[in-house]
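In what follows, a structure is listed as C-alpha cells, so that the remarks can point back to it.
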Amino acid sequence: MLSAKLLKQLQAALGKEALLTQQADLLSYSYDNSRISLLPDAVVLPSSPAQVVEIVKLCNQHRIPLTTRGRGSGTSGAAVPSQQGIVLSTERMRRIIKIEPDNRLMVVEPGITNQEVQQAAAEHGFFWPPDPGSSAFCSVGGNIACGSAGPRAVKYGTVRENILGLKAVTGNGDSIRTGTETTKWAVGYDLTRLLIGSEGTLAILTEATLKLLPKQPSTVMMRALYQDMQSAAAAVAAIMAQPATPAALEFMDHASLKLIRHQLGSHFPAEAGAMLMIEVDGTSQSIDGSIHTIQQAATNAGLIGLSLAESQKEVEQLWRARKILSPRLREIAPKKINEDIVVPVSNIPALIAAIQQLAEEHQIQIANFGHAGNGNLHTNLLINPDDPQQMQRAEVCLEALFQTVLELNGSISGEHGIGLVKQPYVALEIAENERNLMADIKQVFDPKGILNPGKGPRRG
Ligand SMILES: Cc1cc2nc3c(=O)[nH]c(=O)nc-3n(C[C@H](O)[C@H](O)[C@H](O)COP(=O)(O)OP(=O)(O)OC[C@H]3O[C@@H](n4cnc5c(N)ncnc54)[C@H](O)[C@@H]3O)c2cc1C
C-alpha cells in the first residue's frame, strides 16, 4: 500500500492522468509473457526524463519498489512487479530525437517500439540489427534491458553490439550518460554494456543512441531440408565455418515442422526431420558467390532438398511460419517451458544429441527451433501441468539440460534473460565471487534496492 502522501506527491509531479491506481487499470501492468502476475499498487506514465528523475527520487525517499515496464512482452517475468510497489511504464516516452544517416545513428526515447525504429531507419536506407520476433510491439528500452536479439544477430550482432550510448536514471535519481555518438572510444569503463541486459535493476533507461547499418540491396532466402536434426546441426556448423555469413540461419526440428507443415505449402515432404531457413544478403555483385559457398556448406549426406524461395510471397510465408511457432506450441501446451539455451555453434550437434537423450530418459516431449547461427535454441518442454509426475520429471530434465549446456561452454539464456523464471538457476552459471561482484555493482547503482527488486543476480 502506498501512503496518501506519496500518491499526492506523484500526482503533483506527473499530473492526475499519468498516475493509475484503479484495479482495472493496474491489471494490464501486472504480467508479462511469462504469465506470472502480481498487481502493482500504482502505475506511473512519465513523459520526460525529468519526470523519471522525480519518480525515482520519491520512490527512494519512501523506499518503494519501482519496476520499469516497456511493453511487457518479456518471457522471464522481468517486468512483473514481484514486490508490488510502482510500475513505471515508458509508453509515453517514444520520440525519435534525431536520425543522422551520415553518422549511422538514431537517438530515441525508450518507449518507442522496435518496429517504429526499423520503419524510420528504412526511410534512409538503414536498419537497426536487433529484430526480435516481437518487434511489432516490444519497446527498444525492453530490448536493451533484456539484451534482446533476433534472426539477424548471426551476421549483425545483438543489442550489445548495436548501442553507441545511453542516458539513464540510477536508483538514487542521478541522471547519467554512457558511451558516445562515435563508433570508437577509449575513455573509462564501458557502462553502456553494463546496463545492457541489466533488466531495469541498475538504472532506468531514458534515451538510447542506436547504431544503424545500411540495408543490403539484395536478399535471397534458401530452404534446406534434412532427414534428421543431426544432419541439420552439422550443416549449421559447416555454414558458420566458411567466410560467407548468412543474414539469418534459423532451425526447426521435426516436432516444430509438424505444427506448421500446412503453412509451408502442399508439397512439403513428410520425411523432413529438420529444416534450415538461410537468408543471404549482399550486393548484386557479391550475393551469387555467397549463395554458392553457403549451398556447398549446407550440403551433406542428410540433405533431402535445398531450394531458393522464388517470390517475396514465399519468403514472407516462411517467416510467418517461423514466427507462428511459439504461439502454436503454446496452443497445444499452454504451460510449456520455453528455454533459450545457447552453445558455441560447433557444439550444436552435441546439444541436439543430448536433448534427444534427455527427452527419452525423462519421457518429456521436446520441440526445438531457433537462431541456430548463434547456437541459440528455443527448447520447448511440452508439459501438462495437471500431471504432477510429469512436472517432476520436467524439472529434473531442465536442470540436466542446463548442466549439459554449461558443459558445452554455453549459457542458460541467449536472449530472454533471468527475470523471475531463471532466478533458481543463475548460480549454475555464475560463480559466487562473480555474483557478489554483481551485487556490489547493484549496491552502487541502487543503494536502497528499489529498482526491480527480486530480479538480477544475487549475492552468495
Ligand atoms: C511472440 C514473442 C516473440 C519474441 N521473440 C523474441 C526474440 O526473437 N528475441 C528476443 O530476444 N526476445 C523475444 N521475445 C521476448 C521479448 O519480446 C523481448 O525480451 C523484448 O525485448 C521485451 O521488450 P518489452 O518492451 O516488452 O520489455 P518488458 O517485457 O516490458 O521488460 C523487460 C525487461 O526490461 C526492463 N525494462 C524495460 N524498459 C526499460 C527501461 N526503459 N529501462 C530499464 N529497464 C527497462 C523491464 O524492467 C524488464 O526487466 C519475444 C516475445 C514474444 C511474446
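Order determines the names: the first chain of the C-alpha cells is A, the second B, and so forth; residues in each chain are numbered 1 upward, and ligands are numbered 1 upward as they are shown.
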Shell around Ile337 of chain A at 9 Å using only C-alpha atoms, local window under 6 positions removed, as a VMD selection string: chain A and resid 379 to 383 394 398
Proximity of chain A to ligand 1: per-residue shortest pair, 6 Å limit, only C-alpha atoms and all ligand atoms, as JSON lines:
```
{"residue": "A:Asp32", "atom": "CA", "partner": "ligand 1", "partner_atom_place_in_ligand_line": "29 (O)", "distance": 5.9}
{"residue": "A:Asn33", "atom": "CA", "partner": "ligand 1", "partner_atom_place_in_ligand_line": "53 (C)", "distance": 5.6}
{"residue": "A:Thr67", "atom": "CA", "partner": "ligand 1", "partner_atom_place_in_ligand_line": "47 (O)", "distance": 5.5}
{"residue": "A:Thr68", "atom": "CA", "partner": "ligand 1", "partner_atom_place_in_ligand_line": "47 (O)", "distance": 4.1}
{"residue": "A:Arg69", "atom": "CA", "partner": "ligand 1", "partner_atom_place_in_ligand_line": "30 (O)", "distance": 3.9}
{"residue": "A:Gly70", "atom": "CA", "partner": "ligand 1", "partner_atom_place_in_ligand_line": "30 (O)", "distance": 3.4}
{"residue": "A:Arg71", "atom": "CA", "partner": "ligand 1", "partner_atom_place_in_ligand_line": "26 (O)", "distance": 3.7}
{"residue": "A:Gly72", "atom": "CA", "partner": "ligand 1", "partner_atom_place_in_ligand_line": "30 (O)", "distance": 3.4}
{"residue": "A:Ser73", "atom": "CA", "partner": "ligand 1", "partner_atom_place_in_ligand_line": "26 (O)", "distance": 3.5}
{"residue": "A:Gly74", "atom": "CA", "partner": "ligand 1", "partner_atom_place_in_ligand_line": "29 (O)", "distance": 3.5}
{"residue": "A:Thr75", "atom": "CA", "partner": "ligand 1", "partner_atom_place_in_ligand_line": "15 (C)", "distance": 5.4}
{"residue": "A:Ala78", "atom": "CA", "partner": "ligand 1", "partner_atom_place_in_ligand_line": "49 (O)", "distance": 3.9}
{"residue": "A:Ala79", "atom": "CA", "partner": "ligand 1", "partner_atom_place_in_ligand_line": "48 (C)", "distance": 4.0}
{"residue": "A:Pro110", "atom": "CA", "partner": "ligand 1", "partner_atom_place_in_ligand_line": "41 (N)", "distance": 5.0}
{"residue": "A:Pro132", "atom": "CA", "partner": "ligand 1", "partner_atom_place_in_ligand_line": "8 (O)", "distance": 3.4}
{"residue": "A:Gly133", "atom": "CA", "partner": "ligand 1", "partner_atom_place_in_ligand_line": "5 (N)", "distance": 3.7}
{"residue": "A:Ser134", "atom": "CA", "partner": "ligand 1", "partner_atom_place_in_ligand_line": "3 (C)", "distance": 4.1}
{"residue": "A:Cys138", "atom": "CA", "partner": "ligand 1", "partner_atom_place_in_ligand_line": "25 (O)", "distance": 4.0}
{"residue": "A:Ser139", "atom": "CA", "partner": "ligand 1", "partner_atom_place_in_ligand_line": "25 (O)", "distance": 3.6}
{"residue": "A:Gly141", "atom": "CA", "partner": "ligand 1", "partner_atom_place_in_ligand_line": "41 (N)", "distance": 4.1}
{"residue": "A:Gly142", "atom": "CA", "partner": "ligand 1", "partner_atom_place_in_ligand_line": "27 (O)", "distance": 3.5}
{"residue": "A:Asn143", "atom": "CA", "partner": "ligand 1", "partner_atom_place_in_ligand_line": "21 (O)", "distance": 3.3}
{"residue": "A:Ala145", "atom": "CA", "partner": "ligand 1", "partner_atom_place_in_ligand_line": "34 (O)", "distance": 4.4}
{"residue": "A:Cys146", "atom": "CA", "partner": "ligand 1", "partner_atom_place_in_ligand_line": "34 (O)", "distance": 5.3}
{"residue": "A:Ser148", "atom": "CA", "partner": "ligand 1", "partner_atom_place_in_ligand_line": "11 (O)", "distance": 3.4}
{"residue": "A:Ala149", "atom": "CA", "partner": "ligand 1", "partner_atom_place_in_ligand_line": "11 (O)", "distance": 4.3}
{"residue": "A:Gly150", "atom": "CA", "partner": "ligand 1", "partner_atom_place_in_ligand_line": "8 (O)", "distance": 4.3}
{"residue": "A:Glu199", "atom": "CA", "partner": "ligand 1", "partner_atom_place_in_ligand_line": "49 (O)", "distance": 3.5}
{"residue": "A:Gly200", "atom": "CA", "partner": "ligand 1", "partner_atom_place_in_ligand_line": "44 (N)", "distance": 3.3}
{"residue": "A:Ala203", "atom": "CA", "partner": "ligand 1", "partner_atom_place_in_ligand_line": "43 (C)", "distance": 5.9}
{"residue": "A:Ile204", "atom": "CA", "partner": "ligand 1", "partner_atom_place_in_ligand_line": "42 (N)", "distance": 3.8}
{"residue": "A:Leu205", "atom": "CA", "partner": "ligand 1", "partner_atom_place_in_ligand_line": "42 (N)", "distance": 3.8}
{"residue": "A:Thr206", "atom": "CA", "partner": "ligand 1", "partner_atom_place_in_ligand_line": "41 (N)", "distance": 5.8}
{"residue": "A:Glu415", "atom": "CA", "partner": "ligand 1", "partner_atom_place_in_ligand_line": "11 (O)", "distance": 4.4}
{"residue": "A:His416", "atom": "CA", "partner": "ligand 1", "partner_atom_place_in_ligand_line": "19 (O)", "distance": 5.4}
```
If you keep C-alpha atoms, can you produce a file of those selected residues as a PDB file, in the first residue's frame?
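Saved as out-v1.pdb:
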```pdb
ATOM      1  CA  ASP A  32       4.372 -10.268 -18.928  1.00  0.00           C
ATOM      2  CA  ASN A  33       4.631 -13.150 -21.383  1.00  0.00           C
ATOM      3  CA  THR A  67       9.632  -1.791 -11.742  1.00  0.00           C
ATOM      4  CA  THR A  68      10.181  -0.367 -15.220  1.00  0.00           C
ATOM      5  CA  ARG A  69       7.989  -1.732 -17.993  1.00  0.00           C
ATOM      6  CA  GLY A  70       8.336  -1.453 -21.744  1.00  0.00           C
ATOM      7  CA  ARG A  71       5.519  -3.444 -23.369  1.00  0.00           C
ATOM      8  CA  GLY A  72       5.519  -6.482 -21.062  1.00  0.00           C
ATOM      9  CA  SER A  73       6.422  -8.927 -23.846  1.00  0.00           C
ATOM     10  CA  GLY A  74       9.375 -10.421 -21.949  1.00  0.00           C
ATOM     11  CA  THR A  75       9.168 -14.143 -21.292  1.00  0.00           C
ATOM     12  CA  ALA A  78      11.404  -9.483 -15.513  1.00  0.00           C
ATOM     13  CA  ALA A  79       8.719  -6.771 -15.884  1.00  0.00           C
ATOM     14  CA  PRO A 110      12.973   4.029 -24.652  1.00  0.00           C
ATOM     15  CA  PRO A 132      13.138  -9.914 -32.022  1.00  0.00           C
ATOM     16  CA  GLY A 133      10.060 -11.802 -33.191  1.00  0.00           C
ATOM     17  CA  SER A 134       8.056  -9.390 -31.039  1.00  0.00           C
ATOM     18  CA  CYS A 138       8.189  -4.640 -27.861  1.00  0.00           C
ATOM     19  CA  SER A 139       9.994  -1.441 -26.821  1.00  0.00           C
ATOM     20  CA  GLY A 141      14.113   0.072 -23.815  1.00  0.00           C
ATOM     21  CA  GLY A 142      12.956  -3.513 -23.195  1.00  0.00           C
ATOM     22  CA  ASN A 143      15.221  -4.782 -25.996  1.00  0.00           C
ATOM     23  CA  ALA A 145      17.354  -4.064 -20.816  1.00  0.00           C
ATOM     24  CA  CYS A 146      16.964  -7.732 -21.844  1.00  0.00           C
ATOM     25  CA  SER A 148      17.441  -8.995 -26.974  1.00  0.00           C
ATOM     26  CA  ALA A 149      18.170 -10.204 -30.445  1.00  0.00           C
ATOM     27  CA  GLY A 150      16.582 -11.968 -33.379  1.00  0.00           C
ATOM     28  CA  GLU A 199      16.720  -5.847 -16.661  1.00  0.00           C
ATOM     29  CA  GLY A 200      15.941  -2.498 -15.041  1.00  0.00           C
ATOM     30  CA  ALA A 203      19.016   2.205 -13.827  1.00  0.00           C
ATOM     31  CA  ILE A 204      16.002   3.311 -15.847  1.00  0.00           C
ATOM     32  CA  LEU A 205      16.934   3.968 -19.474  1.00  0.00           C
ATOM     33  CA  THR A 206      15.606   7.298 -20.746  1.00  0.00           C
ATOM     34  CA  GLU A 415      18.247 -13.555 -25.146  1.00  0.00           C
ATOM     35  CA  HIS A 416      15.348 -13.866 -22.688  1.00  0.00           C
TER      36      HIS A 416
END
```
7 Å contact set for Thr209 of chain A, only C-alpha atoms, chain neighbours under 2 positions out, as a PyMOL selection string: chain A and resi 105-108+163-166+207+211
File dump, residues just selected, C-alpha atoms, as a PDB file, in the first residue's frame:
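And here is the file that came out, selection.pdb:
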```pdb
ATOM      1  CA  LEU A 105      22.908   6.611 -35.725  1.00  0.00           C
ATOM      2  CA  MET A 106      19.455   7.285 -34.351  1.00  0.00           C
ATOM      3  CA  VAL A 107      18.655   8.707 -30.893  1.00  0.00           C
ATOM      4  CA  VAL A 108      15.349   7.569 -29.388  1.00  0.00           C
ATOM      5  CA  ILE A 163      24.171   0.567 -28.985  1.00  0.00           C
ATOM      6  CA  LEU A 164      26.547   3.536 -29.001  1.00  0.00           C
ATOM      7  CA  GLY A 165      25.359   5.189 -25.811  1.00  0.00           C
ATOM      8  CA  LEU A 166      22.592   5.555 -23.251  1.00  0.00           C
ATOM      9  CA  GLU A 207      17.405   7.637 -24.094  1.00  0.00           C
ATOM     10  CA  LYS A 211      23.934   2.176 -34.240  1.00  0.00           C
TER      11      LYS A 211
END
```
For Leu329 of chain A: contacts at 12 Å, only C-alpha atoms, fewer than 3 positions along chain excluded, given as a PyMOL selection string: chain A and resi 255-260+322-326+332-338+365-369+378-383
Segment 276-286 of chain A surroundings by only C-alpha atoms, 7 Å radius, close-in-sequence under 2 positions cut, as an MDAnalysis selection string: chainID A and resid 216:225 232 246:252 288:291
Distance query Gly173 of chain A at most 8 Å, only C-alpha atoms, self and fewer than 6 positions along chain excluded, as number ranges by chain: A: 53-54, 56-57, 60
Running DSSP on the backbone, which parts of segment 262-334 of chain A land in strand (DSSP E), as a CSV table (one decimal) with N, CA and C atoms, in the first residue's frame?
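Output contents, as saved in result_37.csv:
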```csv
chain,number,residue,atom,x,y,z
A,274,ALA,N,14.1,-32.1,-40.2
A,274,ALA,CA,14.6,-30.8,-39.7
A,274,ALA,C,14.7,-29.8,-40.9
A,275,MET,N,14.6,-28.5,-40.6
A,275,MET,CA,14.7,-27.6,-41.7
A,275,MET,C,15.6,-26.4,-41.3
A,276,LEU,N,16.4,-25.9,-42.2
A,276,LEU,CA,17.1,-24.6,-42.0
A,276,LEU,C,16.5,-23.6,-42.9
A,277,MET,N,16.3,-22.4,-42.4
A,277,MET,CA,15.9,-21.2,-43.2
A,277,MET,C,17.2,-20.4,-43.3
A,278,ILE,N,17.7,-20.2,-44.5
A,278,ILE,CA,19.0,-19.5,-44.6
A,278,ILE,C,18.8,-18.2,-45.5
A,279,GLU,N,19.0,-17.1,-44.8
A,279,GLU,CA,18.8,-15.8,-45.6
A,279,GLU,C,20.2,-15.3,-45.9
A,280,VAL,N,20.4,-14.9,-47.2
A,280,VAL,CA,21.7,-14.4,-47.6
A,280,VAL,C,21.5,-13.0,-48.1
A,281,ASP,N,22.3,-12.0,-47.7
A,281,ASP,CA,22.2,-10.7,-48.3
A,281,ASP,C,23.5,-10.2,-48.8
A,282,GLY,N,23.5,-9.1,-49.6
A,282,GLY,CA,24.7,-8.6,-50.2
A,282,GLY,C,24.4,-7.7,-51.3
A,303,LEU,N,21.0,-34.2,-46.4
A,303,LEU,CA,20.2,-33.2,-47.1
A,303,LEU,C,19.2,-33.9,-48.0
A,304,ILE,N,17.9,-33.5,-47.8
A,304,ILE,CA,16.9,-34.0,-48.7
A,304,ILE,C,16.7,-33.1,-49.9
A,305,GLY,N,16.7,-31.8,-49.6
A,305,GLY,CA,16.5,-30.8,-50.7
A,305,GLY,C,16.8,-29.4,-50.3
A,306,LEU,N,17.4,-28.6,-51.2
A,306,LEU,CA,17.7,-27.2,-50.9
A,306,LEU,C,17.2,-26.4,-52.1
A,307,SER,N,16.3,-25.4,-51.7
A,307,SER,CA,15.7,-24.6,-52.8
A,307,SER,C,15.8,-23.1,-52.4
A,308,LEU,N,15.8,-22.3,-53.4
A,308,LEU,CA,15.7,-20.8,-53.2
A,308,LEU,C,14.3,-20.4,-53.3
```
Sel. of helix (DSSP H, G or I) residues, segment 191-282 of chain A, as a list in words: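 So, restricting segment 191-282 of chain A to helix (DSSP H, G or I), we get Leu191, Thr192, Arg193, Leu194, Leu195, Met229, Gln230, Ser231, Ala232, Ala233, Ala234, Ala235, Val236, Ala237, Ala238, Ile239, Met240, His254, Ala255, Ser256, Leu257, Lys258, Leu259, Ile260, Arg261, His262, Gln263 and Leu264 of chain A.
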Would you mind exporting the chosen residues as a compact mmCIF listing (two decimals), in the first residue's frame, restricted to N, CA and C atoms?
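Written out: result.txt:
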```
# COMPACT_ATOMS: atom_id res chain seq x y z
N LEU A 191 30.13 1.52 -19.38
CA LEU A 191 28.88 1.44 -18.61
C LEU A 191 27.69 1.09 -19.51
N THR A 192 27.84 1.39 -20.80
CA THR A 192 26.74 1.05 -21.73
C THR A 192 26.50 -0.46 -21.68
N ARG A 193 27.58 -1.22 -21.83
CA ARG A 193 27.44 -2.68 -21.83
C ARG A 193 27.01 -3.22 -20.47
N LEU A 194 27.34 -2.49 -19.42
CA LEU A 194 26.90 -2.92 -18.09
C LEU A 194 25.38 -2.80 -17.97
N LEU A 195 24.84 -1.71 -18.55
CA LEU A 195 23.39 -1.50 -18.45
C LEU A 195 22.62 -2.44 -19.39
N MET A 229 17.68 -34.12 -37.28
CA MET A 229 18.24 -32.93 -36.60
C MET A 229 19.76 -32.92 -36.65
N GLN A 230 20.37 -34.12 -36.56
CA GLN A 230 21.84 -34.19 -36.54
C GLN A 230 22.43 -33.64 -37.84
N SER A 231 21.82 -34.02 -38.96
CA SER A 231 22.35 -33.54 -40.26
C SER A 231 22.20 -32.03 -40.36
N ALA A 232 21.06 -31.50 -39.90
CA ALA A 232 20.85 -30.05 -39.95
C ALA A 232 21.85 -29.34 -39.03
N ALA A 233 22.08 -29.91 -37.84
CA ALA A 233 23.02 -29.29 -36.89
C ALA A 233 24.43 -29.30 -37.47
N ALA A 234 24.81 -30.39 -38.15
CA ALA A 234 26.15 -30.46 -38.76
C ALA A 234 26.26 -29.41 -39.86
N ALA A 235 25.17 -29.19 -40.60
CA ALA A 235 25.19 -28.18 -41.68
C ALA A 235 25.38 -26.78 -41.10
N VAL A 236 24.73 -26.50 -39.96
CA VAL A 236 24.88 -25.17 -39.33
C VAL A 236 26.35 -24.92 -39.01
N ALA A 237 27.01 -25.93 -38.40
CA ALA A 237 28.43 -25.76 -38.05
C ALA A 237 29.27 -25.55 -39.32
N ALA A 238 28.95 -26.29 -40.39
CA ALA A 238 29.72 -26.15 -41.63
C ALA A 238 29.49 -24.77 -42.26
N ILE A 239 28.26 -24.29 -42.23
CA ILE A 239 27.96 -22.96 -42.82
C ILE A 239 28.74 -21.88 -42.06
N MET A 240 28.76 -21.99 -40.74
CA MET A 240 29.42 -20.94 -39.96
C MET A 240 30.95 -21.03 -40.03
N HIS A 254 11.78 -31.70 -36.16
CA HIS A 254 10.63 -32.43 -36.69
C HIS A 254 9.33 -32.04 -35.96
N ALA A 255 9.41 -31.95 -34.62
CA ALA A 255 8.20 -31.63 -33.84
C ALA A 255 7.68 -30.24 -34.22
N SER A 256 8.59 -29.30 -34.45
CA SER A 256 8.17 -27.95 -34.83
C SER A 256 7.58 -27.96 -36.24
N LEU A 257 8.24 -28.68 -37.16
CA LEU A 257 7.75 -28.72 -38.54
C LEU A 257 6.34 -29.29 -38.63
N LYS A 258 6.07 -30.30 -37.78
CA LYS A 258 4.74 -30.92 -37.80
C LYS A 258 3.64 -29.89 -37.56
N LEU A 259 3.96 -28.93 -36.69
CA LEU A 259 2.96 -27.92 -36.30
C LEU A 259 2.67 -26.90 -37.40
N ILE A 260 3.66 -26.66 -38.25
CA ILE A 260 3.49 -25.58 -39.25
C ILE A 260 3.51 -26.12 -40.68
N ARG A 261 3.44 -27.46 -40.81
CA ARG A 261 3.54 -28.10 -42.13
C ARG A 261 2.57 -27.46 -43.14
N HIS A 262 1.32 -27.26 -42.72
CA HIS A 262 0.32 -26.74 -43.65
C HIS A 262 0.66 -25.31 -44.10
N GLN A 263 1.47 -24.61 -43.27
CA GLN A 263 1.87 -23.24 -43.60
C GLN A 263 2.98 -23.23 -44.65
N LEU A 264 3.63 -24.39 -44.82
CA LEU A 264 4.81 -24.45 -45.68
C LEU A 264 4.50 -24.96 -47.08
```
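Every protein or nucleic acid residue with an atom no more than 12 Å from Arg95 of chain A, counting only C-alpha atoms and leaving out same-chain residues fewer than 3 positions away, appears here: Ser47, Ser48, Pro49, Thr90, Glu91, Arg92, Lys98, Ile99, Met106, Val107, Val108, Glu109, Pro110, Gly111, Ile112, Thr113, Glu116, Val117, Ala120, Ser139, Val140, Thr206, Glu207 and Ala208 of chain A.
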Print the selection's residues with N, CA and C atoms to a file, as a PDB file, in the first residue's frame.
```pdb
ATOM      1  N   SER A  47       6.406  11.317 -19.086  1.00  0.00           N
ATOM      2  CA  SER A  47       6.562  11.741 -20.480  1.00  0.00           C
ATOM      3  C   SER A  47       7.947  12.295 -20.745  1.00  0.00           C
ATOM      4  N   SER A  48       8.789  12.405 -19.726  1.00  0.00           N
ATOM      5  CA  SER A  48      10.109  13.013 -19.930  1.00  0.00           C
ATOM      6  C   SER A  48      11.114  12.433 -18.932  1.00  0.00           C
ATOM      7  N   PRO A  49      12.413  12.542 -19.248  1.00  0.00           N
ATOM      8  CA  PRO A  49      13.445  12.088 -18.296  1.00  0.00           C
ATOM      9  C   PRO A  49      13.328  12.820 -16.955  1.00  0.00           C
ATOM     10  N   THR A  90       7.045   3.057 -19.852  1.00  0.00           N
ATOM     11  CA  THR A  90       7.690   4.047 -20.737  1.00  0.00           C
ATOM     12  C   THR A  90       6.835   4.358 -21.968  1.00  0.00           C
ATOM     13  N   GLU A  91       5.571   3.934 -21.949  1.00  0.00           N
ATOM     14  CA  GLU A  91       4.745   4.044 -23.168  1.00  0.00           C
ATOM     15  C   GLU A  91       4.555   5.472 -23.672  1.00  0.00           C
ATOM     16  N   ARG A  92       4.742   6.474 -22.813  1.00  0.00           N
ATOM     17  CA  ARG A  92       4.596   7.861 -23.281  1.00  0.00           C
ATOM     18  C   ARG A  92       5.936   8.496 -23.661  1.00  0.00           C
ATOM     19  N   LYS A  98      16.612  12.166 -32.944  1.00  0.00           N
ATOM     20  CA  LYS A  98      17.268  12.519 -34.218  1.00  0.00           C
ATOM     21  C   LYS A  98      17.705  11.269 -34.973  1.00  0.00           C
ATOM     22  N   ILE A  99      17.810  11.429 -36.299  1.00  0.00           N
ATOM     23  CA  ILE A  99      18.380  10.378 -37.150  1.00  0.00           C
ATOM     24  C   ILE A  99      19.490  11.033 -37.955  1.00  0.00           C
ATOM     25  N   MET A 106      20.787   6.748 -34.645  1.00  0.00           N
ATOM     26  CA  MET A 106      19.455   7.285 -34.351  1.00  0.00           C
ATOM     27  C   MET A 106      19.352   7.403 -32.825  1.00  0.00           C
ATOM     28  N   VAL A 107      18.826   8.539 -32.339  1.00  0.00           N
ATOM     29  CA  VAL A 107      18.655   8.707 -30.893  1.00  0.00           C
ATOM     30  C   VAL A 107      17.156   8.651 -30.590  1.00  0.00           C
ATOM     31  N   VAL A 108      16.783   7.780 -29.667  1.00  0.00           N
ATOM     32  CA  VAL A 108      15.349   7.569 -29.388  1.00  0.00           C
ATOM     33  C   VAL A 108      15.070   7.530 -27.893  1.00  0.00           C
ATOM     34  N   GLU A 109      13.804   7.751 -27.576  1.00  0.00           N
ATOM     35  CA  GLU A 109      13.357   7.503 -26.200  1.00  0.00           C
ATOM     36  C   GLU A 109      13.042   6.009 -26.055  1.00  0.00           C
ATOM     37  N   PRO A 110      13.011   5.493 -24.830  1.00  0.00           N
ATOM     38  CA  PRO A 110      12.973   4.029 -24.652  1.00  0.00           C
ATOM     39  C   PRO A 110      11.639   3.362 -24.983  1.00  0.00           C
ATOM     40  N   GLY A 111      10.548   4.150 -24.993  1.00  0.00           N
ATOM     41  CA  GLY A 111       9.232   3.518 -25.171  1.00  0.00           C
ATOM     42  C   GLY A 111       8.850   3.272 -26.623  1.00  0.00           C
ATOM     43  N   ILE A 112       9.669   3.749 -27.559  1.00  0.00           N
ATOM     44  CA  ILE A 112       9.369   3.527 -28.985  1.00  0.00           C
ATOM     45  C   ILE A 112       9.469   2.021 -29.269  1.00  0.00           C
ATOM     46  N   THR A 113       8.626   1.535 -30.197  1.00  0.00           N
ATOM     47  CA  THR A 113       8.717   0.092 -30.480  1.00  0.00           C
ATOM     48  C   THR A 113       9.878  -0.174 -31.451  1.00  0.00           C
ATOM     49  N   GLU A 116       8.832   0.619 -35.007  1.00  0.00           N
ATOM     50  CA  GLU A 116       8.834   2.052 -35.353  1.00  0.00           C
ATOM     51  C   GLU A 116      10.253   2.523 -35.686  1.00  0.00           C
ATOM     52  N   VAL A 117      11.228   1.988 -34.931  1.00  0.00           N
ATOM     53  CA  VAL A 117      12.633   2.326 -35.225  1.00  0.00           C
ATOM     54  C   VAL A 117      13.019   1.814 -36.610  1.00  0.00           C
ATOM     55  N   ALA A 120      11.483   3.984 -39.360  1.00  0.00           N
ATOM     56  CA  ALA A 120      12.137   5.297 -39.503  1.00  0.00           C
ATOM     57  C   ALA A 120      13.516   5.138 -40.139  1.00  0.00           C
ATOM     58  N   SER A 139       9.354  -2.765 -26.822  1.00  0.00           N
ATOM     59  CA  SER A 139       9.994  -1.441 -26.821  1.00  0.00           C
ATOM     60  C   SER A 139      11.508  -1.584 -26.948  1.00  0.00           C
ATOM     61  N   VAL A 140      12.130  -0.524 -27.449  1.00  0.00           N
ATOM     62  CA  VAL A 140      13.588  -0.509 -27.563  1.00  0.00           C
ATOM     63  C   VAL A 140      14.224  -0.557 -26.166  1.00  0.00           C
ATOM     64  N   THR A 206      16.492   6.208 -20.288  1.00  0.00           N
ATOM     65  CA  THR A 206      15.606   7.298 -20.746  1.00  0.00           C
ATOM     66  C   THR A 206      15.912   7.715 -22.173  1.00  0.00           C
ATOM     67  N   GLU A 207      17.053   7.286 -22.709  1.00  0.00           N
ATOM     68  CA  GLU A 207      17.405   7.637 -24.094  1.00  0.00           C
ATOM     69  C   GLU A 207      18.455   6.643 -24.582  1.00  0.00           C
ATOM     70  N   ALA A 208      18.398   6.322 -25.871  1.00  0.00           N
ATOM     71  CA  ALA A 208      19.387   5.381 -26.423  1.00  0.00           C
ATOM     72  C   ALA A 208      19.885   5.884 -27.767  1.00  0.00           C
TER      73      ALA A 208
END
```
Residue nearest Gln118 of chain A - candidates A:Ala354, A:Ala270, A:Val342, A:Leu210, atoms counted: only C-alpha atoms: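 That would be A:Leu210, the residue with the smallest distance to Gln118 of chain A.
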Pick from A:Gln51, A:Ser346, A:Asn376, A:Gln392 nearest to Gln363 of chain A, counting only C-alpha atoms: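 Checking each of A:Gln51, A:Ser346, A:Asn376, A:Gln392 against Gln363 of chain A, counting only C-alpha atoms, the winner is A:Gln392.
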Nearest candidate to Ala350 of chain A (options A:Gly197, A:Gly85, A:Pro101, A:Gly375; using only C-alpha atoms):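 Under the stated criterion, the closest residue is A:Gly375.
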